[in-house]
>>> print(open('run-v4.txt').read())   # compact mmCIF, C-alpha atoms
# COMPACT_ATOMS: atom_id res chain seq x y z
CA MET A 1 -19.75 4.20 29.77
CA SER A 2 -22.57 1.71 29.66
CA VAL A 3 -25.02 1.08 32.46
CA ALA A 4 -23.30 -0.98 35.15
CA ALA A 5 -25.88 -3.74 35.13
CA GLU A 6 -23.36 -6.59 35.16
CA PRO A 7 -20.42 -5.44 37.26
CA THR A 8 -18.63 -8.83 37.09
CA ALA A 9 -18.79 -9.12 33.31
CA PRO A 10 -18.05 -5.79 31.71
CA ALA A 11 -19.29 -5.93 28.14
CA GLU A 12 -16.68 -3.56 26.83
CA HIS A 13 -13.60 -5.67 27.49
CA GLY A 14 -12.41 -9.11 26.50
CA TRP A 15 -9.55 -11.29 27.70
CA TYR A 16 -7.01 -11.78 24.97
CA VAL A 17 -5.13 -15.09 25.39
CA TYR A 18 -1.64 -15.35 23.89
CA GLY A 19 -1.00 -18.87 25.05
CA VAL A 20 -0.61 -21.22 27.97
CA VAL A 21 2.60 -21.77 29.92
CA GLU A 22 3.67 -23.61 33.05
CA ALA A 23 2.76 -21.62 36.15
CA ALA A 24 6.24 -22.12 37.62
CA ALA A 25 7.78 -20.45 34.57
CA ALA A 26 5.20 -17.71 34.21
CA SER A 27 7.38 -14.80 35.19
CA PRO A 28 6.07 -11.41 34.12
CA PRO A 29 6.36 -11.59 30.33
CA ASN A 30 8.08 -8.20 30.02
CA ALA A 31 6.42 -7.47 26.71
CA ARG A 32 4.08 -4.68 25.65
CA GLY A 33 1.51 -7.10 24.38
CA ILE A 34 -1.94 -6.17 23.16
CA GLY A 35 -4.14 -3.99 25.36
CA THR A 36 -3.07 -4.04 29.01
CA PRO A 37 0.38 -5.56 29.73
CA ALA A 38 0.34 -9.35 29.45
CA ALA A 39 -0.12 -11.09 32.81
CA PRO A 40 -0.54 -14.70 33.92
CA VAL A 41 -3.91 -16.14 34.99
CA VAL A 42 -2.83 -19.15 37.07
CA VAL A 43 -4.89 -22.33 37.35
CA GLY A 44 -3.15 -25.23 39.08
CA SER A 45 0.14 -26.02 37.37
CA LEU A 46 -0.64 -23.86 34.34
CA ALA A 47 -1.03 -20.21 33.50
CA ALA A 48 -2.65 -18.45 30.57
CA LEU A 49 -0.92 -15.28 29.45
CA VAL A 50 -3.62 -12.68 28.93
CA SER A 51 -4.34 -9.02 28.38
CA ARG A 52 -7.58 -7.11 28.78
CA VAL A 53 -8.56 -5.56 25.46
CA PRO A 54 -11.35 -3.17 24.52
CA LEU A 55 -14.05 -4.91 22.49
CA ASP A 56 -14.71 -1.81 20.41
CA GLU A 57 -11.35 -2.56 18.81
CA TYR A 58 -11.05 -6.33 19.22
CA GLY A 59 -14.66 -7.47 19.05
CA GLU A 60 -15.54 -9.67 16.13
CA GLU A 61 -17.02 -6.93 13.96
CA PRO A 62 -14.48 -4.11 14.46
CA VAL A 63 -11.56 -6.49 14.21
CA ARG A 64 -12.62 -7.70 10.78
CA ALA A 65 -12.19 -4.21 9.41
CA ARG A 66 -8.85 -3.79 11.18
CA LEU A 67 -7.51 -7.02 9.71
CA GLU A 68 -7.61 -5.27 6.36
CA ASP A 69 -5.23 -2.65 7.68
CA PRO A 70 -1.76 -4.14 7.17
CA ALA A 71 -0.09 -1.68 9.53
CA TRP A 72 -2.48 -2.59 12.37
CA LEU A 73 -2.05 -6.28 11.66
CA GLU A 74 1.71 -6.04 11.55
CA GLU A 75 1.88 -4.27 14.90
CA LYS A 76 -0.49 -6.69 16.61
CA VAL A 77 0.97 -9.95 15.31
CA TRP A 78 4.40 -8.83 16.52
CA ALA A 79 2.95 -7.91 19.89
CA HIS A 80 1.35 -11.38 20.12
CA GLU A 81 4.60 -13.01 19.09
CA GLU A 82 6.73 -10.95 21.47
CA VAL A 83 4.78 -12.15 24.50
CA LEU A 84 5.21 -15.77 23.42
CA GLN A 85 8.89 -15.35 22.53
CA ASN A 86 9.58 -13.92 25.97
CA ALA A 87 7.69 -16.76 27.62
CA LEU A 88 9.64 -19.26 25.52
CA GLN A 89 12.82 -18.05 27.22
CA THR A 90 11.66 -19.44 30.57
CA GLY A 91 9.71 -22.58 29.67
CA ALA A 92 7.30 -24.46 27.44
CA VAL A 93 4.64 -22.48 25.59
CA ILE A 94 1.37 -23.46 23.92
CA PRO A 95 0.76 -20.70 21.38
CA PHE A 96 -2.85 -19.73 20.84
CA ARG A 97 -4.12 -18.39 17.58
CA PHE A 98 -4.17 -14.65 16.97
CA LEU A 99 -7.30 -12.96 18.36
CA THR A 100 -8.36 -15.62 20.81
CA LEU A 101 -10.61 -13.76 23.22
CA TYR A 102 -12.70 -14.67 26.23
CA ARG A 103 -15.58 -12.60 27.36
CA ASP A 104 -14.47 -12.73 30.99
CA GLU A 105 -11.88 -14.23 33.25
CA GLU A 106 -14.30 -16.81 34.68
CA GLU A 107 -14.91 -18.32 31.26
CA LEU A 108 -11.17 -18.53 30.70
CA ARG A 109 -10.59 -20.14 34.10
CA ARG A 110 -13.35 -22.66 33.42
CA PHE A 111 -11.67 -23.66 30.19
CA LEU A 112 -8.28 -24.03 31.88
CA VAL A 113 -9.73 -26.18 34.68
CA GLU A 114 -11.62 -28.41 32.23
CA ARG A 115 -8.64 -28.96 29.95
CA LEU A 116 -5.82 -28.96 32.49
CA ASP A 117 -4.68 -32.52 31.71
CA ASP A 118 -4.79 -32.02 27.94
CA LEU A 119 -2.90 -28.76 28.17
CA GLN A 120 -0.32 -30.32 30.46
CA GLY A 121 0.13 -33.13 27.93
CA VAL A 122 0.70 -30.66 25.12
CA LEU A 123 3.22 -28.72 27.21
CA ASP A 124 5.08 -31.96 27.99
CA GLY A 125 5.31 -32.64 24.26
CA VAL A 126 6.88 -29.31 23.36
CA ARG A 127 9.03 -28.69 26.42
CA GLY A 128 12.55 -27.69 25.46
CA MET A 129 11.57 -27.54 21.79
CA VAL A 130 11.32 -24.77 19.26
CA GLU A 131 9.84 -24.65 15.80
CA LEU A 132 11.95 -23.88 12.75
CA GLY A 133 10.54 -23.07 9.33
CA VAL A 134 12.11 -24.23 6.09
CA LYS A 135 10.88 -23.08 2.71
CA ALA A 136 12.43 -24.24 -0.52
CA PHE A 137 12.26 -22.21 -3.72
CA VAL A 138 13.26 -23.07 -7.24
CA ASP A 139 14.07 -20.90 -10.20
CA ARG A 140 11.52 -21.99 -12.79
CA ASP A 141 13.65 -21.07 -15.82
CA ARG A 142 16.64 -23.01 -14.54
CA LEU A 143 14.45 -25.98 -13.74
CA GLU A 144 12.92 -26.03 -17.21
CA ALA A 145 16.34 -25.67 -18.80
CA ALA A 146 17.58 -28.64 -16.78
CA VAL A 147 14.58 -30.75 -17.84
CA ALA A 148 15.11 -29.77 -21.48
CA ARG A 149 18.73 -30.85 -21.22
CA ASP A 150 18.32 -34.06 -19.23
CA SER A 151 14.95 -35.53 -20.19
CA PRO A 152 15.24 -38.14 -22.97
CA ALA A 153 11.63 -37.44 -23.97
CA VAL A 154 12.31 -33.72 -24.41
CA VAL A 155 15.61 -34.33 -26.20
CA ASP A 156 13.82 -36.67 -28.67
CA LEU A 157 11.05 -34.13 -29.22
CA ASP A 158 13.59 -31.36 -29.83
CA ALA A 159 15.27 -33.52 -32.46
CA ALA A 160 11.93 -34.26 -34.11
CA ILE A 161 10.96 -30.57 -34.07
CA ALA A 162 14.19 -29.67 -35.83
CA GLN A 163 13.36 -32.12 -38.66
CA ALA A 164 9.63 -31.43 -38.95
CA GLU A 165 7.83 -29.13 -41.36
CA SER A 166 6.06 -26.17 -39.76
CA GLY A 167 2.57 -27.61 -39.10
CA ARG A 168 3.90 -30.73 -37.49
CA ALA A 169 6.61 -28.77 -35.66
CA TYR A 170 3.89 -26.66 -34.05
CA LEU A 171 2.12 -29.72 -32.70
CA LEU A 172 5.37 -31.23 -31.52
CA ARG A 173 6.26 -27.99 -29.73
CA ARG A 174 2.99 -28.05 -27.88
CA ARG A 175 3.63 -31.65 -26.93
CA ARG A 176 7.11 -30.67 -25.77
CA ASP A 177 5.77 -27.87 -23.55
CA GLN A 178 3.38 -30.31 -21.94
CA VAL A 179 6.12 -32.87 -21.30
CA VAL A 180 8.34 -30.18 -19.77
CA ARG A 181 5.51 -29.06 -17.47
CA GLU A 182 4.79 -32.61 -16.36
CA GLU A 183 8.41 -33.47 -15.77
CA CYS A 184 8.97 -30.24 -13.83
CA ALA A 185 5.98 -31.00 -11.60
CA GLN A 186 7.27 -34.52 -11.01
CA LEU A 187 10.74 -33.26 -10.28
CA LEU A 188 9.45 -30.66 -7.81
CA ALA A 189 7.25 -33.15 -5.99
CA GLY A 190 10.13 -35.60 -5.75
CA ARG A 191 12.55 -32.95 -4.55
CA ALA A 192 10.09 -31.61 -1.95
CA GLU A 193 9.58 -35.12 -0.62
CA GLU A 194 13.31 -35.75 -0.51
CA LEU A 195 14.05 -32.45 1.28
CA HIS A 196 11.28 -32.97 3.80
CA GLY A 197 12.39 -36.55 4.40
CA ARG A 198 15.94 -35.50 5.13
CA LEU A 199 14.79 -32.70 7.46
CA ARG A 200 12.31 -34.77 9.40
CA GLU A 201 15.04 -37.31 10.16
CA VAL A 202 16.78 -34.70 12.30
CA ALA A 203 13.59 -33.25 13.85
CA ALA A 204 11.40 -34.49 16.71
CA ASP A 205 8.29 -33.75 14.66
CA ALA A 206 7.52 -32.25 11.28
CA ALA A 207 4.63 -30.69 9.38
CA VAL A 208 4.15 -29.78 5.74
CA ASN A 209 2.02 -26.77 4.91
CA PRO A 210 0.63 -25.95 1.48
CA VAL A 211 3.09 -24.12 -0.74
CA GLN A 212 2.32 -20.46 -1.32
CA THR A 213 1.78 -18.86 -4.67
CA ARG A 214 4.29 -16.32 -5.91
CA GLU A 215 1.82 -13.55 -5.21
CA VAL A 216 1.72 -14.52 -1.55
CA SER A 217 5.38 -15.36 -1.09
CA GLY A 218 6.49 -12.26 -2.97
CA ARG A 219 9.25 -14.29 -4.61
CA THR A 220 9.95 -14.70 -8.27
CA GLU A 221 10.92 -18.31 -7.63
CA GLU A 222 8.39 -21.05 -7.20
CA MET A 223 7.92 -22.50 -3.71
CA LEU A 224 8.23 -26.26 -3.58
CA LEU A 225 8.32 -26.91 0.16
CA ASN A 226 6.73 -25.11 3.10
CA GLY A 227 7.80 -27.14 6.11
CA ALA A 228 7.83 -26.70 9.89
CA TYR A 229 10.09 -28.72 12.18
CA LEU A 230 10.12 -29.23 15.92
CA VAL A 231 13.68 -29.39 17.24
CA PRO A 232 15.38 -29.15 20.63
CA ALA A 233 16.19 -25.51 21.46
CA GLY A 234 19.80 -24.72 20.66
CA ASP A 235 20.27 -27.94 18.70
CA ALA A 236 22.83 -27.49 15.93
CA ALA A 237 22.08 -30.71 14.00
CA PHE A 238 19.02 -29.39 12.23
CA GLU A 239 20.68 -26.19 11.13
CA ALA A 240 23.69 -28.14 9.88
CA THR A 241 21.40 -30.37 7.83
CA VAL A 242 19.69 -27.34 6.28
CA ALA A 243 23.09 -25.89 5.39
CA ALA A 244 24.20 -29.20 3.85
CA LEU A 245 20.99 -29.50 1.84
CA ALA A 246 21.28 -25.89 0.68
CA ALA A 247 24.81 -26.55 -0.59
CA GLU A 248 23.67 -29.75 -2.30
CA GLN A 249 20.67 -28.19 -3.98
CA ALA A 250 22.21 -24.90 -5.08
CA SER A 251 23.41 -26.31 -8.40
CA ALA A 252 19.86 -27.46 -9.17
CA GLY A 253 18.57 -23.90 -8.70
CA VAL A 254 16.91 -24.72 -5.37
CA ALA A 255 17.30 -22.25 -2.49
CA LEU A 256 16.37 -22.93 1.12
CA GLU A 257 15.11 -20.36 3.59
CA LEU A 258 15.37 -21.08 7.31
CA THR A 259 13.41 -19.06 9.90
CA GLY A 260 12.90 -19.24 13.62
CA PRO A 261 13.15 -20.23 16.36
CA TRP A 262 9.38 -19.88 16.72
CA PRO A 263 7.03 -20.97 19.47
CA PRO A 264 5.64 -24.37 18.37
CA TYR A 265 2.66 -22.97 16.43
CA ASN A 266 2.58 -25.95 14.08
CA PHE A 267 2.85 -28.56 16.83
CA VAL A 268 -0.06 -27.86 19.11
CA PRO A 269 -3.54 -29.23 18.49
CA ARG A 270 -5.75 -26.93 16.52
CA ASP A 271 -9.04 -27.64 18.22
CA LEU A 272 -8.17 -28.22 21.83
CA GLY A 273 -11.39 -26.62 23.00
CA ALA A 274 -13.76 -28.40 20.67
CA ARG A 275 -15.56 -31.09 22.57
CA MET B 276 19.38 -18.70 4.28
CA THR B 277 19.80 -15.97 1.74
CA ALA B 278 17.25 -13.69 3.36
CA ALA B 279 19.32 -13.23 6.50
CA ASP B 280 22.00 -11.48 4.48
CA GLN B 281 19.63 -8.68 3.53
CA PRO B 282 18.02 -6.98 6.52
CA ALA B 283 15.04 -5.56 4.62
CA LEU B 284 14.20 -8.89 3.03
CA ALA B 285 14.80 -10.67 6.33
CA GLU B 286 12.25 -8.45 8.08
CA GLU B 287 9.77 -9.10 5.33
CA VAL B 288 10.30 -12.84 5.44
CA ALA B 289 9.93 -12.83 9.23
CA LEU B 290 6.66 -10.92 9.08
CA LEU B 291 5.16 -13.19 6.45
CA GLU B 292 6.31 -16.28 8.34
CA LEU B 293 4.80 -14.90 11.51
CA VAL B 294 1.47 -14.06 9.91
CA ASP B 295 1.45 -17.56 8.46
CA ARG B 296 1.71 -18.94 11.97
CA VAL B 297 -0.38 -16.68 14.17
CA LEU B 298 -3.31 -16.54 11.78
CA ASN B 299 -3.32 -20.18 10.71
CA LYS B 300 -1.81 -22.13 13.58
CA GLY B 301 -1.99 -22.36 17.33
CA VAL B 302 -4.74 -23.57 19.60
CA VAL B 303 -8.26 -22.55 18.70
CA LEU B 304 -10.88 -22.70 21.42
CA SER B 305 -14.56 -23.16 21.44
CA GLY B 306 -16.74 -20.86 23.48
CA ASP B 307 -14.78 -17.76 22.62
CA ILE B 308 -14.89 -15.19 19.89
CA THR B 309 -11.86 -16.37 18.01
CA LEU B 310 -11.97 -15.35 14.41
CA SER B 311 -11.25 -17.84 11.76
CA VAL B 312 -9.62 -15.59 9.25
CA ALA B 313 -10.91 -16.61 5.87
CA GLY B 314 -9.09 -15.18 2.92
CA VAL B 315 -5.72 -15.17 4.61
CA ASP B 316 -4.12 -14.85 1.22
CA LEU B 317 -5.73 -11.44 0.88
CA VAL B 318 -4.16 -10.44 4.17
CA TYR B 319 -0.77 -11.43 2.80
CA VAL B 320 -1.24 -9.51 -0.39
CA GLY B 321 -2.21 -6.46 1.68
CA LEU B 322 0.97 -6.89 3.69
CA ARG B 323 3.01 -7.15 0.55
CA VAL B 324 1.62 -3.86 -0.66
CA LEU B 325 2.55 -2.33 2.68
CA LEU B 326 6.03 -3.79 2.63
CA ALA B 327 6.63 -2.59 -0.90
CA SER B 328 6.71 1.01 0.24
CA VAL B 329 10.13 2.33 1.20
CA GLY B 330 8.74 4.20 4.17
CA THR B 331 7.51 0.99 5.67
CA LEU B 332 10.82 -0.75 5.29
CA GLU B 333 12.56 2.14 7.00
CA ARG B 334 10.04 2.01 9.80
CA LEU B 335 10.57 -1.73 10.15
CA HIS B 336 14.24 -1.13 10.73
CA GLU B 337 13.67 1.54 13.31
CA SER B 338 11.17 -0.33 15.44
CA PRO B 339 12.29 -2.99 17.91
CA ARG B 340 11.60 -6.59 17.00
CA PRO B 341 11.37 -9.74 19.04
CA PRO B 342 14.03 -12.31 18.26
CA ALA B 343 11.92 -14.10 15.72
CA LEU B 344 14.36 -14.40 12.91
CA ARG B 345 17.36 -16.62 13.02
CA ALA B 346 19.72 -13.90 11.92
CA SER B 347 19.07 -11.99 15.10
CA ALA B 348 17.82 -14.79 17.32
CA ARG B 349 21.00 -16.34 18.60
CA SER B 350 22.80 -14.12 21.03
>>> encode(input="run-v4.txt", output="C-alpha cells")
Amino acid sequence: MSVAAEPTAPAEHGWYVYGVVEAAAASPPNARGIGTPAAPVVVGSLAALVSRVPLDEYGEEPVRARLEDPAWLEEKVWAHEEVLQNALQTGAVIPFRFLTLYRDEEELRRFLVERLDDLQGVLDGVRGMVELGVKAFVDRDRLEAAVARDSPAVVDLDAAIAQAESGRAYLLRRRRDQVVREECAQLLAGRAEELHGRLREVAADAAVNPVQTREVSGRTEEMLLNGAYLVPAGDAAFEATVAALAAEQASAGVALELTGPWPPYNFVPRDLGAR
Amino acid sequence: MTAADQPALAEEVALLELVDRVLNKGVVLSGDITLSVAGVDLVYVGLRVLLASVGTLERLHESPRPPALRASARS
C-alpha cells in the first residue's frame, strides 16, 4: 500500500466508464463487468456506468502489454459489452470506447456536468435504436470468372490471345489480367455502393467502415462492404432487406453477414470530450 | 447470415465484430487516460491466432456470452 497522502484520490485505482445511460433506466446492470461490479454514477438525468479498476492492471503502461494477450482482451471486451448489452435492455445507451478511465470520481462527475446537454442529445438520438452490422464478401475466383465471361473487353482479348503468336500473346495476357483487375474493382465498388444504398434506405442512420483485409477478417473471400446501420430495436424491415439482398446476390458469389443487435457504437460522436 | 449456422464461426465473427467496435468506436473523452489503440490490425491477427486453436473454440462454447450475436439475440 502506498502512503496515504491523498485519501480522496487513491493513485492505485481508476474509474472505468462503460458508457452513459439515462438515470431513470440505470437499474443495477447485473453484469460482472471489469474490476468491481458495474454501478451507476448519477448526475442529473444521466448516469455513467462505472467500475473501479486497479491501475497496476489498467493503467496506460500495463494495459499496453495486456492488449497483446488475446485471451485477456477477449475476456475484457466481452465484459465491457455485457454491461452495455444489459443496459440496452432498459433504455438508451451511449457506448464509450474500451479502456476509458478516469482518475477519480470527481473528474468523471465534472465531465458529466459539463456535457450533460450534449450527452442528453446523443441519448435522444439513439433511444429505441440498435446497431446492426452488415459485411459483404465475394468469392474472388467466381467474380473473375464472371468478368471474363461478361466483359466485352476481356472476351475480345481472349479471342486475340487465341490467334496471336507467343510473344504477342504474352503481352495480351498481361493486358487481359489488368483489365480483369480493373473491372473487378469497378464491379466491387459499384456493388458495395448499391448494397449500402439499399440498406441505408431502411435504416435511421448508416456508416461505412473501411473493408478489412483477408488476414484480419479471417475469410478466404474478399470483403467489399463493412457497414453499420442504426435501426429501431425489434424492427423486422431491415433484417428482411438483408435477407432479400442475400438471396439476390448469391448467384453473383456475394455473401452477406449480419450481426447484432449492438449498442450504437458507430452512431455516437467520437470526440465528445474534446473541447 | 451463413455464420449463424455454425456456432464456432458465429462466436468468432461476434468476437471480431465486437473488437472492431469497442476498440475503434464509442465516445472518446479528453482528460482521461483512454488509450488510442494503434495497430488494431495486429490485435485482430493475435485474436485470429488464438481462435485458431481448438482449445479456445471449446472454451468459447463453454463460457457464457452476452446476447451479442443475432443467432442467439432474439429470445
>>> closest_atom_pairs(input="run-v4.txt", of="chain A", to="chain B", cutoff="8 Å", atoms="all atoms listed in the file", output="Markdown table")
| residue | atom | partner | partner_atom | distance |
| --- | --- | --- | --- | --- |
| A:Gly59 | CA | B:Ile308 | CA | 7.8 |
| A:Glu60 | CA | B:Ile308 | CA | 6.7 |
| A:Leu67 | CA | B:Val318 | CA | 7.3 |
| A:Glu68 | CA | B:Val318 | CA | 6.6 |
| A:Asp69 | CA | B:Gly321 | CA | 7.7 |
| A:Pro70 | CA | B:Leu322 | CA | 5.2 |
| A:Ala71 | CA | B:Leu325 | CA | 7.4 |
| A:Glu74 | CA | B:Leu290 | CA | 7.4 |
| A:Val77 | CA | B:Val294 | CA | 6.8 |
| A:Trp78 | CA | B:Pro341 | CA | 7.5 |
| A:Glu81 | CA | B:Pro341 | CA | 7.5 |
| A:Glu82 | CA | B:Pro341 | CA | 5.4 |
| A:Gln85 | CA | B:Pro341 | CA | 7.1 |
| A:Ile94 | CA | B:Gly301 | CA | 7.5 |
| A:Pro95 | CA | B:Gly301 | CA | 5.2 |
| A:Phe96 | CA | B:Val302 | CA | 4.5 |
| A:Arg97 | CA | B:Gly301 | CA | 4.5 |
| A:Phe98 | CA | B:Val297 | CA | 5.1 |
| A:Leu99 | CA | B:Thr309 | CA | 5.7 |
| A:Thr100 | CA | B:Thr309 | CA | 4.5 |
| A:Leu101 | CA | B:Ile308 | CA | 5.6 |
| A:Tyr102 | CA | B:Asp307 | CA | 5.2 |
| A:Arg103 | CA | B:Asp307 | CA | 7.1 |
| A:Glu215 | CA | B:Val320 | CA | 7.0 |
| A:Val216 | CA | B:Tyr319 | CA | 5.9 |
| A:Ser217 | CA | B:Leu291 | CA | 7.8 |
| A:Gly218 | CA | B:Arg323 | CA | 7.1 |
| A:Ala255 | CA | B:Met276 | CA | 7.9 |
| A:Leu256 | CA | B:Met276 | CA | 6.1 |
| A:Glu257 | CA | B:Met276 | CA | 4.6 |
| A:Leu258 | CA | B:Met276 | CA | 5.6 |
| A:Thr259 | CA | B:Arg345 | CA | 5.6 |
| A:Gly260 | CA | B:Leu344 | CA | 5.1 |
| A:Pro261 | CA | B:Ala343 | CA | 6.3 |
| A:Trp262 | CA | B:Ala343 | CA | 6.4 |
| A:Pro264 | CA | B:Gly301 | CA | 8.0 |
| A:Tyr265 | CA | B:Gly301 | CA | 4.8 |
| A:Asn266 | CA | B:Lys300 | CA | 5.8 |
| A:Phe267 | CA | B:Gly301 | CA | 7.9 |
| A:Val268 | CA | B:Gly301 | CA | 6.1 |
| A:Pro269 | CA | B:Val302 | CA | 5.9 |
| A:Arg270 | CA | B:Val302 | CA | 4.7 |
| A:Asp271 | CA | B:Val303 | CA | 5.2 |
| A:Leu272 | CA | B:Leu304 | CA | 6.2 |
| A:Gly273 | CA | B:Leu304 | CA | 4.3 |
| A:Ala274 | CA | B:Ser305 | CA | 5.4 |
>>> write_last_selection(input="run-v4.txt", atoms="C-alpha atoms", output="PDB file, in the coordinates of the input")
ATOM      1  CA  GLY A  59     -14.660  -7.470  19.050  1.00  0.00           C
ATOM      2  CA  GLU A  60     -15.540  -9.670  16.130  1.00  0.00           C
ATOM      3  CA  LEU A  67      -7.510  -7.020   9.710  1.00  0.00           C
ATOM      4  CA  GLU A  68      -7.610  -5.270   6.360  1.00  0.00           C
ATOM      5  CA  ASP A  69      -5.230  -2.650   7.680  1.00  0.00           C
ATOM      6  CA  PRO A  70      -1.760  -4.140   7.170  1.00  0.00           C
ATOM      7  CA  ALA A  71      -0.090  -1.680   9.530  1.00  0.00           C
ATOM      8  CA  GLU A  74       1.710  -6.040  11.550  1.00  0.00           C
ATOM      9  CA  VAL A  77       0.970  -9.950  15.310  1.00  0.00           C
ATOM     10  CA  TRP A  78       4.400  -8.830  16.520  1.00  0.00           C
ATOM     11  CA  GLU A  81       4.600 -13.010  19.090  1.00  0.00           C
ATOM     12  CA  GLU A  82       6.730 -10.950  21.470  1.00  0.00           C
ATOM     13  CA  GLN A  85       8.890 -15.350  22.530  1.00  0.00           C
ATOM     14  CA  ILE A  94       1.370 -23.460  23.920  1.00  0.00           C
ATOM     15  CA  PRO A  95       0.760 -20.700  21.380  1.00  0.00           C
ATOM     16  CA  PHE A  96      -2.850 -19.730  20.840  1.00  0.00           C
ATOM     17  CA  ARG A  97      -4.120 -18.390  17.580  1.00  0.00           C
ATOM     18  CA  PHE A  98      -4.170 -14.650  16.970  1.00  0.00           C
ATOM     19  CA  LEU A  99      -7.300 -12.960  18.360  1.00  0.00           C
ATOM     20  CA  THR A 100      -8.360 -15.620  20.810  1.00  0.00           C
ATOM     21  CA  LEU A 101     -10.610 -13.760  23.220  1.00  0.00           C
ATOM     22  CA  TYR A 102     -12.700 -14.670  26.230  1.00  0.00           C
ATOM     23  CA  ARG A 103     -15.580 -12.600  27.360  1.00  0.00           C
ATOM     24  CA  GLU A 215       1.820 -13.550  -5.210  1.00  0.00           C
ATOM     25  CA  VAL A 216       1.720 -14.520  -1.550  1.00  0.00           C
ATOM     26  CA  SER A 217       5.380 -15.360  -1.090  1.00  0.00           C
ATOM     27  CA  GLY A 218       6.490 -12.260  -2.970  1.00  0.00           C
ATOM     28  CA  ALA A 255      17.300 -22.250  -2.490  1.00  0.00           C
ATOM     29  CA  LEU A 256      16.370 -22.930   1.120  1.00  0.00           C
ATOM     30  CA  GLU A 257      15.110 -20.360   3.590  1.00  0.00           C
ATOM     31  CA  LEU A 258      15.370 -21.080   7.310  1.00  0.00           C
ATOM     32  CA  THR A 259      13.410 -19.060   9.900  1.00  0.00           C
ATOM     33  CA  GLY A 260      12.900 -19.240  13.620  1.00  0.00           C
ATOM     34  CA  PRO A 261      13.150 -20.230  16.360  1.00  0.00           C
ATOM     35  CA  TRP A 262       9.380 -19.880  16.720  1.00  0.00           C
ATOM     36  CA  PRO A 264       5.640 -24.370  18.370  1.00  0.00           C
ATOM     37  CA  TYR A 265       2.660 -22.970  16.430  1.00  0.00           C
ATOM     38  CA  ASN A 266       2.580 -25.950  14.080  1.00  0.00           C
ATOM     39  CA  PHE A 267       2.850 -28.560  16.830  1.00  0.00           C
ATOM     40  CA  VAL A 268      -0.060 -27.860  19.110  1.00  0.00           C
ATOM     41  CA  PRO A 269      -3.540 -29.230  18.490  1.00  0.00           C
ATOM     42  CA  ARG A 270      -5.750 -26.930  16.520  1.00  0.00           C
ATOM     43  CA  ASP A 271      -9.040 -27.640  18.220  1.00  0.00           C
ATOM     44  CA  LEU A 272      -8.170 -28.220  21.830  1.00  0.00           C
ATOM     45  CA  GLY A 273     -11.390 -26.620  23.000  1.00  0.00           C
ATOM     46  CA  ALA A 274     -13.760 -28.400  20.670  1.00  0.00           C
TER      47      ALA A 274
END
>>> residues_around(input="run-v4.txt", residues="region 173-182 of chain A", least_positions_apart="4", cutoff="8 Å", atoms="only C-alpha atoms", output="PDB file with C-alpha atoms, in the frame of the given file")
ATOM      1  CA  GLU A 144      12.920 -26.030 -17.210  1.00  0.00           C
ATOM      2  CA  VAL A 147      14.580 -30.750 -17.840  1.00  0.00           C
ATOM      3  CA  ALA A 148      15.110 -29.770 -21.480  1.00  0.00           C
ATOM      4  CA  ALA A 153      11.630 -37.440 -23.970  1.00  0.00           C
ATOM      5  CA  VAL A 154      12.310 -33.720 -24.410  1.00  0.00           C
ATOM      6  CA  LEU A 157      11.050 -34.130 -29.220  1.00  0.00           C
ATOM      7  CA  ASP A 158      13.590 -31.360 -29.830  1.00  0.00           C
ATOM      8  CA  ILE A 161      10.960 -30.570 -34.070  1.00  0.00           C
ATOM      9  CA  ALA A 169       6.610 -28.770 -35.660  1.00  0.00           C
ATOM     10  CA  GLN A 186       7.270 -34.520 -11.010  1.00  0.00           C
TER      11      GLN A 186
END
>>> atom_distance(input="run-v4.txt", atom1="CA of Leu188 (chain A)", atom2="CA of Pro232 (chain A)")
29.1 Å
>>> atom_distance(input="run-v4.txt", atom1="CA of Ala240 (chain A)", atom2="CA of Gly128 (chain A)")
19.2 Å
>>> atom_distance(input="run-v4.txt", atom1="CA of Lys135 (chain A)", atom2="CA of Leu224 (chain A)")
7.5 Å
>>> build_atoms(input="run-v4.txt", residues="region 261-270 of chain A", atoms="N, CA and C atoms", output="PDB file, in the frame of the given file")
ATOM      1  N   PRO A 261      14.113 -19.313  15.741  1.00  0.00           N
ATOM      2  CA  PRO A 261      13.150 -20.230  16.360  1.00  0.00           C
ATOM      3  C   PRO A 261      11.801 -19.555  16.666  1.00  0.00           C
ATOM      4  N   TRP A 262      10.741 -20.313  16.439  1.00  0.00           N
ATOM      5  CA  TRP A 262       9.380 -19.880  16.720  1.00  0.00           C
ATOM      6  C   TRP A 262       8.810 -20.687  17.880  1.00  0.00           C
ATOM      7  N   PRO A 263       7.824 -20.118  18.583  1.00  0.00           N
ATOM      8  CA  PRO A 263       7.030 -20.970  19.470  1.00  0.00           C
ATOM      9  C   PRO A 263       6.399 -22.076  18.614  1.00  0.00           C
ATOM     10  N   PRO A 264       6.053 -23.217  19.190  1.00  0.00           N
ATOM     11  CA  PRO A 264       5.640 -24.370  18.370  1.00  0.00           C
ATOM     12  C   PRO A 264       4.221 -24.254  17.796  1.00  0.00           C
ATOM     13  N   TYR A 265       3.995 -23.213  17.011  1.00  0.00           N
ATOM     14  CA  TYR A 265       2.660 -22.970  16.430  1.00  0.00           C
ATOM     15  C   TYR A 265       2.121 -24.181  15.660  1.00  0.00           C
ATOM     16  N   ASN A 266       3.022 -24.851  14.939  1.00  0.00           N
ATOM     17  CA  ASN A 266       2.580 -25.950  14.080  1.00  0.00           C
ATOM     18  C   ASN A 266       2.457 -27.282  14.828  1.00  0.00           C
ATOM     19  N   PHE A 267       2.801 -27.284  16.116  1.00  0.00           N
ATOM     20  CA  PHE A 267       2.850 -28.560  16.830  1.00  0.00           C
ATOM     21  C   PHE A 267       1.982 -28.590  18.084  1.00  0.00           C
ATOM     22  N   VAL A 268       0.952 -27.785  18.059  1.00  0.00           N
ATOM     23  CA  VAL A 268      -0.060 -27.860  19.110  1.00  0.00           C
ATOM     24  C   VAL A 268      -1.382 -28.161  18.432  1.00  0.00           C
ATOM     25  N   PRO A 269      -2.287 -28.874  19.148  1.00  0.00           N
ATOM     26  CA  PRO A 269      -3.540 -29.230  18.490  1.00  0.00           C
ATOM     27  C   PRO A 269      -4.350 -27.993  18.148  1.00  0.00           C
ATOM     28  N   ARG A 270      -5.004 -28.069  17.021  1.00  0.00           N
ATOM     29  CA  ARG A 270      -5.750 -26.930  16.520  1.00  0.00           C
ATOM     30  C   ARG A 270      -7.025 -26.694  17.320  1.00  0.00           C
TER      31      ARG A 270
END
